[in-house]
file data-v6.cif (mmCIF, C-alpha atoms)
data_input
#
loop_
_atom_site.label_atom_id
_atom_site.label_comp_id
_atom_site.auth_asym_id
_atom_site.auth_seq_id
_atom_site.Cartn_x
_atom_site.Cartn_y
_atom_site.Cartn_z
CA MET A 1 194.84 -9.01 50.74
CA ASN A 2 197.88 -9.05 53.03
CA TYR A 3 199.17 -12.35 54.37
CA THR A 4 201.45 -10.93 56.98
CA SER A 5 201.79 -7.50 58.49
CA GLY A 6 202.97 -5.06 55.83
CA ALA A 7 203.18 -7.60 52.99
CA ARG A 8 202.62 -6.28 49.49
CA ASP A 9 200.64 -8.28 46.94
CA VAL A 10 202.19 -8.79 43.49
CA GLU A 11 201.71 -11.38 40.80
CA VAL A 12 205.40 -12.27 40.43
CA VAL A 13 208.65 -11.64 42.27
CA VAL A 14 211.91 -11.97 40.32
CA ILE A 15 214.93 -12.48 42.57
CA GLY A 16 218.15 -11.43 40.86
CA ALA A 17 218.89 -8.97 38.06
CA GLY A 18 221.65 -10.71 36.18
CA GLN A 19 221.21 -12.05 32.66
CA ALA A 20 218.51 -14.57 33.57
CA GLY A 21 216.55 -12.26 35.85
CA LEU A 22 216.51 -9.39 33.37
CA ALA A 23 215.48 -11.75 30.56
CA ALA A 24 212.55 -12.99 32.66
CA ALA A 25 211.56 -9.43 33.57
CA PHE A 26 211.70 -8.35 29.92
CA HIS A 27 209.40 -11.17 28.84
CA LEU A 28 206.98 -10.60 31.73
CA ARG A 29 206.72 -6.97 30.65
CA ARG A 30 206.28 -8.03 27.03
CA LEU A 31 203.39 -10.28 28.08
CA GLY A 32 201.60 -7.32 29.61
CA TYR A 33 202.73 -7.32 33.22
CA THR A 34 203.73 -3.92 34.59
CA PRO A 35 207.06 -3.53 36.43
CA ASP A 36 206.73 -2.47 40.07
CA GLN A 37 203.01 -3.12 39.92
CA ASP A 38 202.33 -6.64 38.67
CA PHE A 39 205.87 -7.83 39.28
CA VAL A 40 208.97 -6.65 41.12
CA VAL A 41 212.65 -7.37 40.53
CA LEU A 42 214.81 -7.59 43.66
CA ASP A 43 218.60 -7.55 43.34
CA HIS A 44 221.13 -7.71 46.15
CA ALA A 45 223.98 -6.14 44.15
CA PRO A 46 224.77 -2.44 44.61
CA ARG A 47 224.43 -1.62 40.89
CA PRO A 48 223.43 -3.16 37.55
CA GLY A 49 225.64 -5.77 35.96
CA GLY A 50 224.85 -9.02 37.71
CA ALA A 51 227.95 -11.04 38.59
CA TRP A 52 229.86 -9.27 35.82
CA GLN A 53 230.32 -6.19 38.02
CA PHE A 54 232.57 -8.25 40.32
CA ARG A 55 234.89 -9.59 37.61
CA TRP A 56 238.57 -8.78 37.77
CA PRO A 57 239.73 -5.66 35.85
CA THR A 58 242.05 -7.56 33.50
CA LEU A 59 239.12 -9.54 32.09
CA THR A 60 238.50 -7.20 29.19
CA TYR A 61 235.39 -7.41 27.05
CA GLY A 62 237.39 -8.79 24.15
CA ARG A 63 238.41 -11.81 26.25
CA VAL A 64 234.87 -12.71 27.33
CA HIS A 65 233.69 -16.05 25.94
CA GLY A 66 230.10 -16.29 24.74
CA MET A 67 228.45 -13.18 26.12
CA HIS A 68 225.00 -13.25 24.52
CA ALA A 69 222.92 -10.08 24.22
CA LEU A 70 219.86 -9.61 26.40
CA PRO A 71 216.51 -9.97 24.60
CA GLY A 72 215.37 -6.88 22.73
CA MET A 73 218.68 -4.97 22.79
CA GLU A 74 222.03 -5.78 21.22
CA LEU A 75 225.33 -4.82 22.79
CA THR A 76 227.13 -2.97 20.02
CA GLY A 77 230.23 -0.83 19.67
CA ALA A 78 231.88 -1.96 22.89
CA ASP A 79 235.62 -1.37 23.24
CA PRO A 80 237.23 -4.84 23.44
CA GLY A 81 240.05 -3.43 25.55
CA ARG A 82 237.72 -2.08 28.24
CA PRO A 83 237.08 -4.13 31.42
CA SER A 84 234.09 -6.43 30.96
CA ALA A 85 232.69 -5.31 34.33
CA GLU A 86 232.35 -1.76 32.97
CA VAL A 87 231.07 -2.70 29.51
CA ILE A 88 228.40 -5.10 30.72
CA GLY A 89 227.54 -2.96 33.75
CA ASP A 90 226.79 -0.02 31.46
CA TYR A 91 224.86 -2.27 29.09
CA PHE A 92 222.68 -3.66 31.89
CA THR A 93 222.09 -0.14 33.21
CA THR A 94 220.88 1.05 29.81
CA TYR A 95 218.77 -2.07 29.43
CA GLU A 96 216.99 -1.60 32.76
CA GLU A 97 216.31 2.05 31.97
CA THR A 98 215.16 1.45 28.39
CA PHE A 99 212.57 -1.13 29.39
CA GLY A 100 211.64 0.53 32.69
CA LEU A 101 212.25 -2.60 34.74
CA ARG A 102 212.56 -0.60 37.99
CA VAL A 103 214.93 -2.99 39.74
CA HIS A 104 214.99 -2.65 43.53
CA ARG A 105 218.54 -2.67 44.92
CA PRO A 106 220.32 -3.40 47.07
CA VAL A 107 217.74 -5.82 48.48
CA GLN A 108 218.64 -9.05 50.24
CA VAL A 109 216.06 -11.84 50.09
CA THR A 110 216.29 -13.91 53.27
CA ALA A 111 213.57 -16.54 52.78
CA VAL A 112 210.70 -17.67 50.57
CA ARG A 113 207.96 -19.64 52.26
CA PRO A 114 204.32 -20.63 51.63
CA ALA A 115 201.76 -18.17 52.93
CA SER A 116 199.43 -21.06 53.78
CA ARG A 117 199.01 -24.78 53.24
CA GLU A 118 197.02 -24.07 50.09
CA PRO A 119 199.22 -25.41 47.23
CA ARG A 120 197.87 -22.73 44.90
CA GLY A 121 198.28 -19.99 47.48
CA ARG A 122 200.78 -17.19 47.58
CA LEU A 123 204.45 -17.27 48.44
CA LEU A 124 205.89 -14.94 51.03
CA VAL A 125 209.16 -13.43 49.85
CA GLU A 126 210.91 -11.98 52.89
CA SER A 127 213.50 -9.34 52.14
CA SER A 128 215.44 -6.45 53.59
CA GLU A 129 212.83 -4.03 52.21
CA GLY A 130 209.83 -5.98 53.50
CA THR A 131 207.68 -8.95 52.54
CA TYR A 132 206.00 -9.59 49.19
CA ALA A 133 203.08 -11.98 48.74
CA ALA A 134 203.46 -13.38 45.22
CA ARG A 135 201.54 -15.89 43.15
CA ALA A 136 204.72 -16.99 41.34
CA LEU A 137 208.46 -16.68 41.77
CA VAL A 138 211.38 -16.46 39.36
CA ASN A 139 214.60 -17.30 41.16
CA ALA A 140 217.60 -15.95 39.22
CA THR A 141 220.19 -15.70 41.98
CA GLY A 142 223.02 -17.38 40.07
CA THR A 143 226.13 -18.72 41.79
CA TRP A 144 228.60 -15.86 42.34
CA ASP A 145 227.82 -15.47 46.05
CA ARG A 146 228.55 -19.11 46.80
CA PRO A 147 232.13 -19.95 45.79
CA PHE A 148 233.08 -23.57 46.34
CA TRP A 149 236.03 -23.96 48.72
CA PRO A 150 237.25 -27.58 48.75
CA HIS A 151 239.19 -28.67 51.82
CA PHE A 152 242.72 -29.99 51.41
CA PRO A 153 244.75 -31.80 54.07
CA GLY A 154 247.23 -29.44 55.67
CA GLN A 155 245.74 -26.20 54.33
CA GLU A 156 245.49 -24.68 57.84
CA ARG A 157 249.29 -24.75 58.10
CA PHE A 158 249.95 -23.00 54.78
CA ARG A 159 251.94 -19.80 55.38
CA GLY A 160 251.15 -18.31 51.98
CA ARG A 161 247.92 -16.94 50.58
CA LEU A 162 244.96 -19.25 49.82
CA LEU A 163 242.23 -17.54 47.81
CA HIS A 164 239.29 -18.33 45.58
CA THR A 165 238.80 -16.93 42.11
CA ALA A 166 235.89 -14.87 43.52
CA GLY A 167 238.56 -12.76 45.23
CA TYR A 168 240.89 -12.56 42.24
CA ARG A 169 241.65 -8.98 41.20
CA GLY A 170 244.30 -9.49 38.54
CA PRO A 171 247.81 -10.86 38.06
CA GLN A 172 249.70 -7.89 39.49
CA GLU A 173 249.29 -9.15 43.08
CA PHE A 174 251.25 -12.30 42.16
CA ALA A 175 254.27 -10.58 40.59
CA GLY A 176 257.48 -12.46 41.39
CA GLN A 177 255.64 -15.20 43.28
CA ARG A 178 255.30 -18.94 42.85
CA VAL A 179 251.62 -19.72 42.30
CA VAL A 180 249.52 -22.88 42.16
CA VAL A 181 246.27 -22.59 40.20
CA VAL A 182 243.69 -25.29 40.99
CA GLY A 183 240.83 -26.02 38.60
CA GLY A 184 240.08 -27.20 35.08
CA GLY A 185 237.63 -24.58 33.84
CA THR A 186 237.87 -21.47 31.70
CA SER A 187 238.57 -19.15 34.63
CA ALA A 188 241.45 -21.32 35.83
CA VAL A 189 243.07 -21.20 32.39
CA GLN A 190 242.56 -17.44 32.07
CA HIS A 191 244.06 -16.82 35.51
CA LEU A 192 246.97 -19.16 34.86
CA MET A 193 247.95 -17.57 31.55
CA GLU A 194 247.97 -14.00 32.82
CA ILE A 195 249.60 -14.83 36.16
CA ALA A 196 252.37 -16.69 34.30
CA GLU A 197 253.33 -13.40 32.62
CA VAL A 198 254.40 -11.87 35.95
CA ALA A 199 254.97 -14.78 38.36
CA ALA A 200 258.29 -16.44 39.14
CA ASP A 201 256.71 -19.82 38.40
CA THR A 202 253.29 -21.45 38.15
CA ALA A 203 251.78 -24.91 38.50
CA TRP A 204 248.40 -25.93 37.12
CA VAL A 205 246.57 -28.65 39.05
CA THR A 206 243.28 -30.39 38.19
CA ARG A 207 241.44 -33.44 39.55
CA ARG A 208 240.84 -34.82 36.06
CA PRO A 209 242.73 -34.30 32.81
CA PRO A 210 241.13 -31.27 31.11
CA ALA A 211 239.27 -31.86 27.86
CA PHE A 212 240.19 -29.37 25.16
CA ARG A 213 237.73 -28.74 22.37
CA GLU A 214 238.97 -28.18 18.84
CA GLY A 215 236.88 -26.55 16.14
CA PRO A 216 233.73 -24.45 16.32
CA PHE A 217 231.10 -24.98 18.99
CA ASP A 218 228.09 -25.26 16.71
CA GLU A 219 224.39 -25.43 17.55
CA GLU A 220 224.30 -29.22 17.47
CA ARG A 221 227.13 -29.51 19.98
CA GLY A 222 225.47 -26.88 22.14
CA ARG A 223 222.16 -28.76 22.23
CA ALA A 224 223.92 -32.01 23.12
CA ALA A 225 225.80 -30.36 25.99
CA VAL A 226 222.69 -28.70 27.39
CA ALA A 227 220.79 -32.01 27.15
CA LEU A 228 223.37 -33.67 29.42
CA VAL A 229 222.94 -30.97 32.06
CA GLU A 230 219.14 -31.05 31.72
CA ASP A 231 219.16 -34.76 32.36
CA ARG A 232 220.79 -34.20 35.74
CA VAL A 233 218.27 -31.61 36.92
CA ARG A 234 215.38 -33.76 35.72
CA GLN A 235 216.71 -36.44 38.06
CA GLY A 236 216.96 -34.02 40.98
CA LEU A 237 220.78 -34.11 41.02
CA PRO A 238 222.94 -31.04 41.65
CA PRO A 239 223.54 -29.36 38.29
CA ARG A 240 226.84 -29.36 36.48
CA SER A 241 227.91 -26.39 34.42
CA VAL A 242 227.45 -26.49 30.66
CA VAL A 243 231.21 -25.89 30.32
CA SER A 244 231.92 -29.05 32.30
CA VAL A 245 230.45 -31.15 29.48
CA THR A 246 231.60 -29.05 26.51
CA GLY A 247 235.32 -28.95 27.28
CA LEU A 248 237.70 -26.00 27.01
CA PRO A 249 237.87 -24.20 23.66
CA MET A 250 241.44 -24.37 22.40
CA THR A 251 242.37 -20.81 21.41
CA GLU A 252 245.55 -19.57 19.78
CA GLU A 253 246.53 -17.92 23.08
CA MET A 254 246.15 -21.28 24.84
CA ARG A 255 248.26 -23.05 22.20
CA ARG A 256 251.07 -20.55 22.76
CA ALA A 257 250.80 -21.00 26.53
CA ARG A 258 251.04 -24.77 26.12
CA GLU A 259 254.11 -24.42 23.91
CA ARG A 260 255.76 -22.23 26.57
CA GLY A 261 255.13 -24.90 29.19
CA VAL A 262 252.51 -22.85 31.07
CA LEU A 263 249.44 -24.86 30.17
CA VAL A 264 250.80 -28.16 31.43
CA ARG A 265 248.45 -29.93 33.79
CA ARG A 266 249.56 -31.74 36.91
CA PRO A 267 247.38 -34.18 38.89
CA MET A 268 245.85 -33.12 42.18
CA PHE A 269 248.38 -32.87 45.00
CA GLU A 270 248.06 -35.02 48.11
CA ARG A 271 248.27 -32.21 50.64
CA ILE A 272 249.15 -28.58 51.26
CA THR A 273 252.28 -28.02 53.30
CA GLU A 274 253.52 -24.98 55.19
CA ASP A 275 255.33 -23.66 52.14
CA GLY A 276 253.54 -25.21 49.14
CA VAL A 277 251.99 -28.46 47.93
CA ARG A 278 253.12 -32.08 47.90
CA TRP A 279 252.10 -34.97 45.67
CA ALA A 280 251.75 -38.63 46.65
CA ASP A 281 255.08 -39.50 45.01
CA GLY A 282 256.88 -37.07 47.32
CA SER A 283 257.44 -34.32 44.74
CA THR A 284 256.72 -30.76 45.87
CA PHE A 285 256.11 -27.27 44.55
CA PRO A 286 257.00 -24.35 46.85
CA ALA A 287 254.25 -21.74 46.64
CA ASP A 288 253.56 -18.23 47.85
CA ALA A 289 249.90 -18.43 46.79
CA ILE A 290 247.31 -21.06 45.89
CA LEU A 291 244.44 -19.83 43.73
CA LEU A 292 241.31 -21.99 43.77
CA ALA A 293 239.38 -21.72 40.50
CA THR A 294 237.07 -24.43 41.79
CA GLY A 295 233.74 -23.02 40.72
CA PHE A 296 230.54 -21.97 42.42
CA ARG A 297 227.33 -23.51 43.67
CA PRO A 298 223.74 -22.27 43.15
CA VAL A 299 222.55 -19.64 45.62
CA ILE A 300 219.28 -21.23 46.76
CA ASP A 301 219.42 -21.39 50.58
CA HIS A 302 216.62 -18.81 50.81
CA LEU A 303 214.32 -21.35 49.11
CA ALA A 304 214.87 -23.94 51.89
CA PRO A 305 211.43 -23.37 53.54
CA LEU A 306 209.79 -24.57 50.29
CA ARG A 307 211.52 -27.97 50.55
CA LEU A 308 212.27 -28.20 46.86
CA ARG A 309 215.34 -30.45 47.07
CA ASP A 310 215.25 -34.09 46.09
CA PRO A 311 217.19 -36.82 47.96
CA GLY A 312 219.91 -36.50 45.29
CA GLY A 313 220.69 -33.01 46.59
CA GLY A 314 219.40 -30.95 43.68
CA ILE A 315 216.05 -29.49 42.68
CA ARG A 316 214.20 -31.65 40.18
CA MET A 317 213.14 -29.50 37.25
CA ASP A 318 210.64 -29.66 34.42
CA GLY A 319 211.99 -27.00 32.08
CA THR A 320 212.44 -24.01 34.38
CA ARG A 321 209.70 -25.10 36.79
CA ALA A 322 210.45 -26.80 40.11
CA VAL A 323 208.62 -30.13 40.07
CA ARG A 324 207.79 -29.94 43.78
CA ASP A 325 206.23 -26.47 43.46
CA PRO A 326 204.97 -25.23 40.04
CA ARG A 327 204.81 -21.65 41.36
CA VAL A 328 208.62 -21.57 41.45
CA HIS A 329 210.85 -21.18 38.40
CA LEU A 330 214.64 -21.35 38.48
CA VAL A 331 216.43 -19.55 35.66
CA GLY A 332 220.19 -19.41 35.30
CA TYR A 333 220.21 -22.79 37.05
CA GLY A 334 221.73 -25.91 35.52
CA PRO A 335 221.23 -25.92 31.74
CA SER A 336 220.24 -22.24 31.68
CA ALA A 337 223.42 -21.06 33.44
CA SER A 338 224.99 -19.90 30.15
CA THR A 339 224.09 -16.45 28.84
CA ILE A 340 222.12 -17.73 25.86
CA GLY A 341 220.50 -20.39 28.04
CA ALA A 342 219.49 -17.71 30.54
CA ASN A 343 217.68 -15.75 27.82
CA ARG A 344 215.73 -18.78 26.70
CA ALA A 345 214.90 -19.76 30.26
CA GLY A 346 213.65 -16.24 31.04
CA ARG A 347 211.26 -16.40 28.11
CA ALA A 348 210.07 -19.91 28.99
CA ALA A 349 209.51 -19.01 32.65
CA ALA A 350 207.51 -15.88 31.77
CA ARG A 351 205.23 -17.80 29.41
CA ASP A 352 204.73 -20.63 31.88
CA ILE A 353 203.91 -18.19 34.66
CA ARG A 354 201.34 -16.41 32.49
CA GLU A 355 199.61 -19.75 31.87
CA LEU A 356 199.67 -20.49 35.60
CA LEU A 357 198.23 -17.11 36.58
CA GLU A 358 195.50 -17.27 33.95
CA ARG A 359 194.61 -20.85 34.80
CA GLU A 360 194.61 -20.67 38.60
CA PRO A 361 192.24 -18.46 40.60
CA VAL A 362 193.73 -16.05 43.12
CA ALA A 363 194.09 -17.99 46.35
CA ALA A 364 195.14 -17.10 49.86
#
call {"tool": "encode", "arguments": {"input": "data-v6.cif", "output": "structure tokens"}}
result
Amino acid sequence: MNYTSGARDVEVVVIGAGQAGLAAAFHLRRLGYTPDQDFVVLDHAPRPGGAWQFRWPTLTYGRVHGMHALPGMELTGADPGRPSAEVIGDYFTTYEETFGLRVHRPVQVTAVRPASREPRGRLLVESSEGTYAARALVNATGTWDRPFWPHFPGQERFRGRLLHTAGYRGPQEFAGQRVVVVGGGTSAVQHLMEIAEVAADTAWVTRRPPAFREGPFDEERGRAAVALVEDRVRQGLPPRSVVSVTGLPMTEEMRRARERGVLVRRPMFERITEDGVRWADGSTFPADAILLATGFRPVIDHLAPLRLRDPGGGIRMDGTRAVRDPRVHLVGYGPSASTIGANRAGRAAARDIRELLEREPVAA
């Protein structure tokens, strides 16, 4: 049955073919659903690799923190000196081919809306290749396409370059310059350390003092961190990253950078001036460039017609399932935004969807 002109009926649509989307597709296939028949995977990126394909070339595979293998296939023998975008892009390509996941790309999903007022009815997934009428949805769109750009007083007058880490392509473009790096996460620290090797001078600015983590990040610590993020999404609040509650792992490279005076945090400046930044006490730092490593937000605007958001601004979750609509699962969202969390969420979503499809009759 078609619910709009040209719509194609499927059991499940998976939006996004990054780590979380591929994990969900793998487990759907493992549960007996056939790719491109019972379910389809739609990905807006030009090629396999998820957000990894857009990472800067100097982020080599050996410098990647916590890349967890996709379910059913280990990533072995990778050259640690090779760009992570290439290593993981090739790995995802092989993975999609090995399991016959038949990802459709590039496909842009513009909206997901109910096909009718029937709460057990189908969802219309509107995309650049047409409309799908699905009984369930796995949203795995991640965050890469929605960089967070905070506004700073005076930034319109800055004569230098203001850019977000999403547009970072390596330290070479900052050679001989004075650079301010804003942000307290892993990317900010990575950018700062490699830019400092070629820049005339650097300043590291964060809103809060960064928390450095000593010692191994064991399973118990991991569960505690994920629990904190899960608590937020259960309350319908916007999710925080798992890294935001785990702290920064103190590596030997970071210790050396701190000893050299590179990894020295300054508080947030009061404003951006024409030629740099200025703090409330009147001190300044002349800058040619300001790099914002200020994070990303979930890409979920296409879900707006479903009205999933709570008054707190987030989507209240029960596991991977949206509380306001049990047909919708979000993976790679909140506590499942890490690579290992994405794998677990993909498995949980697939199993939950199977129960839903077996329990509920096909409805219009």
call {"tool": "residues_around", "arguments": {"input": "data-v6.cif", "residues": "Gly49 in chain A", "least_positions_apart": "3", "cutoff": "7 Å", "atoms": "all atoms listed in the file", "output": "ChimeraX atom specification"}}
result
/A:18,52-53,88-89,92
call {"tool": "closest_atom_pairs", "arguments": {"input": "data-v6.cif", "of": "range 234-319 of chain A", "to": "range 142-160 of chain A", "cutoff": "10 Å", "atoms": "all atoms listed in the file", "output": "CSV"}}
result
residue,atom,partner,partner_atom,distance
A:Phe269,CA,A:Phe152,CA,9.0
A:Glu270,CA,A:Pro153,CA,7.5
A:Arg271,CA,A:Pro153,CA,4.9
A:Ile272,CA,A:Gly154,CA,4.9
A:Thr273,CA,A:Phe158,CA,5.7
A:Glu274,CA,A:Phe158,CA,4.1
A:Asp275,CA,A:Phe158,CA,6.0
A:Gly276,CA,A:Phe158,CA,7.0
A:Val277,CA,A:Phe158,CA,9.0
A:Pro286,CA,A:Gly160,CA,9.8
A:Ala287,CA,A:Gly160,CA,7.1
A:Asp288,CA,A:Gly160,CA,4.8
A:Ala289,CA,A:Gly160,CA,5.3
A:Ile290,CA,A:Gly160,CA,7.7
A:Leu292,CA,A:Trp149,CA,7.5
A:Ala293,CA,A:Phe148,CA,8.8
A:Thr294,CA,A:Phe148,CA,6.1
A:Gly295,CA,A:Phe148,CA,5.7
A:Phe296,CA,A:Pro147,CA,4.2
A:Arg297,CA,A:Thr143,CA,5.3
A:Pro298,CA,A:Thr143,CA,4.5
A:Val299,CA,A:Thr143,CA,5.3
A:Ile300,CA,A:Gly142,CA,8.6
call {"tool": "axis_aligned_box", "arguments": {"input": "data-v6.cif", "around": "range 297-302 of chain A", "padding_each_side": "6 Å", "output": "AutoDock Vina command-line options"}}
result
--center_x 222.0 --center_y -21.2 --center_z 47.0 --size_x 22.7 --size_y 16.7 --size_z 19.7
call {"tool": "closest_residue", "arguments": {"input": "data-v6.cif", "among": "A:Thr284, A:Gly236, A:Val262, A:Gly100", "to": "Gly314 in chain A", "atoms": "all atoms listed in the file"}}
result
A:Gly236
call {"tool": "atom_distance", "arguments": {"input": "data-v6.cif", "atom1": "CA of Thr110 in chain A", "atom2": "CA of Asp36 in chain A"}}
result
19.9 Å
call {"tool": "closest_residue", "arguments": {"input": "data-v6.cif", "among": "A:Leu248, A:Leu291, A:Ala69, A:Val10", "to": "Tyr168 in chain A", "atoms": "only C-alpha atoms"}}
result
A:Leu291
call {"tool": "closest_residue", "arguments": {"input": "data-v6.cif", "among": "A:Asp325, A:Glu259, A:Glu358, A:Asp90", "to": "Glu118 in chain A", "atoms": "all atoms listed in the file"}}
result
A:Asp325
call {"tool": "closest_residue", "arguments": {"input": "data-v6.cif", "among": "A:Leu263, A:Leu101, A:Ala85, A:Ala203", "to": "Gly21 in chain A", "atoms": "only C-alpha atoms"}}
result
A:Leu101
call {"tool": "closest_residue", "arguments": {"input": "data-v6.cif", "among": "A:Thr186, A:Gln172, A:Asn139, A:Thr34", "to": "Val109 in chain A", "atoms": "all atoms listed in the file"}}
result
A:Asn139
call {"tool": "closest_residue", "arguments": {"input": "data-v6.cif", "among": "A:Met268, A:Pro249, A:Ile315, A:Arg359", "to": "Pro209 in chain A", "atoms": "only C-alpha atoms"}}
result
A:Met268
call {"tool": "resolve_selection", "arguments": {"input": "data-v6.cif", "expression": "the PyMOL selection byres ((chain A and resi 8) around 7)", "output": "ChimeraX atom specification"}}
result
/A:2,6-7,9-10,131-133
call {"tool": "residues_around", "arguments": {"input": "data-v6.cif", "residues": "Gln190 in chain A", "least_positions_apart": "2", "cutoff": "12 Å", "atoms": "only C-alpha atoms", "output": "mmCIF file with C-alpha atoms, keeping the file's coordinate frame"}}
result
data_model
loop_
_atom_site.group_PDB
_atom_site.id
_atom_site.type_symbol
_atom_site.label_atom_id
_atom_site.label_comp_id
_atom_site.auth_asym_id
_atom_site.auth_seq_id
_atom_site.Cartn_x
_atom_site.Cartn_y
_atom_site.Cartn_z
ATOM 1 C CA TRP A 56 238.570 -8.780 37.770
ATOM 2 C CA THR A 58 242.050 -7.560 33.500
ATOM 3 C CA LEU A 59 239.120 -9.540 32.090
ATOM 4 C CA THR A 60 238.500 -7.200 29.190
ATOM 5 C CA ARG A 63 238.410 -11.810 26.250
ATOM 6 C CA VAL A 64 234.870 -12.710 27.330
ATOM 7 C CA HIS A 65 233.690 -16.050 25.940
ATOM 8 C CA THR A 165 238.800 -16.930 42.110
ATOM 9 C CA TYR A 168 240.890 -12.560 42.240
ATOM 10 C CA GLY A 170 244.300 -9.490 38.540
ATOM 11 C CA PRO A 171 247.810 -10.860 38.060
ATOM 12 C CA VAL A 181 246.270 -22.590 40.200
ATOM 13 C CA VAL A 182 243.690 -25.290 40.990
ATOM 14 C CA GLY A 183 240.830 -26.020 38.600
ATOM 15 C CA GLY A 184 240.080 -27.200 35.080
ATOM 16 C CA GLY A 185 237.630 -24.580 33.840
ATOM 17 C CA THR A 186 237.870 -21.470 31.700
ATOM 18 C CA SER A 187 238.570 -19.150 34.630
ATOM 19 C CA ALA A 188 241.450 -21.320 35.830
ATOM 20 C CA LEU A 192 246.970 -19.160 34.860
ATOM 21 C CA MET A 193 247.950 -17.570 31.550
ATOM 22 C CA GLU A 194 247.970 -14.000 32.820
ATOM 23 C CA ILE A 195 249.600 -14.830 36.160
ATOM 24 C CA ALA A 196 252.370 -16.690 34.300
ATOM 25 C CA GLU A 197 253.330 -13.400 32.620
ATOM 26 C CA TRP A 204 248.400 -25.930 37.120
ATOM 27 C CA LEU A 248 237.700 -26.000 27.010
ATOM 28 C CA PRO A 249 237.870 -24.200 23.660
ATOM 29 C CA MET A 250 241.440 -24.370 22.400
ATOM 30 C CA THR A 251 242.370 -20.810 21.410
ATOM 31 C CA GLU A 253 246.530 -17.920 23.080
ATOM 32 C CA MET A 254 246.150 -21.280 24.840
ATOM 33 C CA ALA A 257 250.800 -21.000 26.530
ATOM 34 C CA VAL A 262 252.510 -22.850 31.070
ATOM 35 C CA LEU A 263 249.440 -24.860 30.170
ATOM 36 C CA ALA A 293 239.380 -21.720 40.500
#
call {"tool": "atom_distance", "arguments": {"input": "data-v6.cif", "atom1": "CA of Leu330 in chain A", "atom2": "CA of Tyr95 in chain A"}}
result
21.7 Å
